[in-house]
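Colleague: The structure is given below, and queries will be raised subsequently.
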Amino acid sequence: MIQQYEITLPAYSRGYHLVTSEIKKHLKTLPKYGIVNVFVKHTSAGITINENADPSVRVDFENIMNNIIPENQPYFTHIFEGADDMPAHIKSSLLGSSVNIPITNHKLNLGTWQGIYFCEFRNYGGKRKIVITVQS
Amino acid sequence: MIQQYEITLPAYSRGYHLVTSEIKKHLKTLPKYGIVNVFVKHTSAGITINENADPSVRVDFENIMNNIIPENQPYFTHIFEGADDMPAHIKSSLLGSSVNIPITNHKLNLGTWQGIYFCEFRNYGGKRKIVITVQS
Amino acid sequence: MIQQYEITLPAYSRGYHLVTSEIKKHLKTLPKYGIVNVFVKHTSAGITINENADPSVRVDFENIMNNIIPENQPYFTHIFEGADDMPAHIKSSLLGSSVNIPITNHKLNLGTWQGIYFCEFRNYGGKRKIVITVQS
């Protein structure tokens, strides 16, 4: 049994954004057991699961990921889309284009401190498309 | 068809631990074909698939990941939970909170050298909760 | 409902290779809605989703990933399989051993710019085995 929803996220600023509630509000009644896959249809944005409480974690995410994959390296060849573009592609693959979350008793079975982060890696990424697939 | 098991792993030391057998012993008869998802309900631990033979790989994993995401960087703002906490969050997202493994002929269809690593990123992470979902 | 295909990829050179068409040609009629999982049965290769247009992105992937995980670090202990081996294991876990892609209206629902990259991290990796599982 599959339920599927294709949604458009509003334009987020560059950075890491907690979207658990945004995702949940698009879901109808969930099955008793299953898996939800949340898939980002872009190569310069990503999705991951991380700490849902302290906003400073999301600030540090931006800075640490920029430190691991710095812009403007002299050996970059894919540069015509801007200094933020090629690092955005790498971040997208490192953090991933989809997450899977178990469903238990009709609810997302996230840990107490887990939330879904939408990760915007471009300076001006614009609206982004997401596909949510519920399997049971 | 969904089978699901929520289990608690014992407290592992900081590092990378081969848990393929531990995961398998919680599984009942697997379907002929399907997918197993193993999901970690924490934001400072992770799960990945890697080399199941030489323990030196897991030693190097710890050192290489610490080198990529060093502790105590001056720009960190999320520091009140300890020097190992913010790097643990980043590692959790880089390696991921779940793995998917195909089931073929009632068995996990891992490659010859593949095993499941539970990744404990905290110095004292304690017991950790895992959700195993079998889809067929 | 599960369809599953185990295929062997030809030996690719070290680097990032667009294999969307290669994967698609092994798929029979897809269900209306579902998820495709593409799983690599190796610990020194990986699979990810990224930009399908400009080959310079894949060149930069190789160089950036080599910069993040350099070979021949003095603290490596797993060195008997060659200088490219231990970095290959790390890259495999950072990029991941499988991707999930939603199926919508009998097609892979990738974004306009998304393609499937097979990532060969060894200098001479040889043929590689892939398991494709279609869930609906």
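In the structure tokens, each chain is lettered A, B, ... as it comes, each chain's residues begin at 1, and ligands are numbered from 1 in order of appearance.
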Report as a PyMOL selection string the set of chain C residues whose atoms approach chain A to within 10 Å, with distances computed over only C-alpha atoms.
Modeller: chain C and resi 1+32-35+47-52+54-61+63-65+67-68+91+93-96+99-104+109-115+117+135-136
Colleague: Within chain B, find each residue whose DSSP state, derived from the backbone, is alpha helix (DSSP H), and express the selection as a VMD selection string.
Modeller: chain B and resid 20 to 24 55 to 68 85 to 95
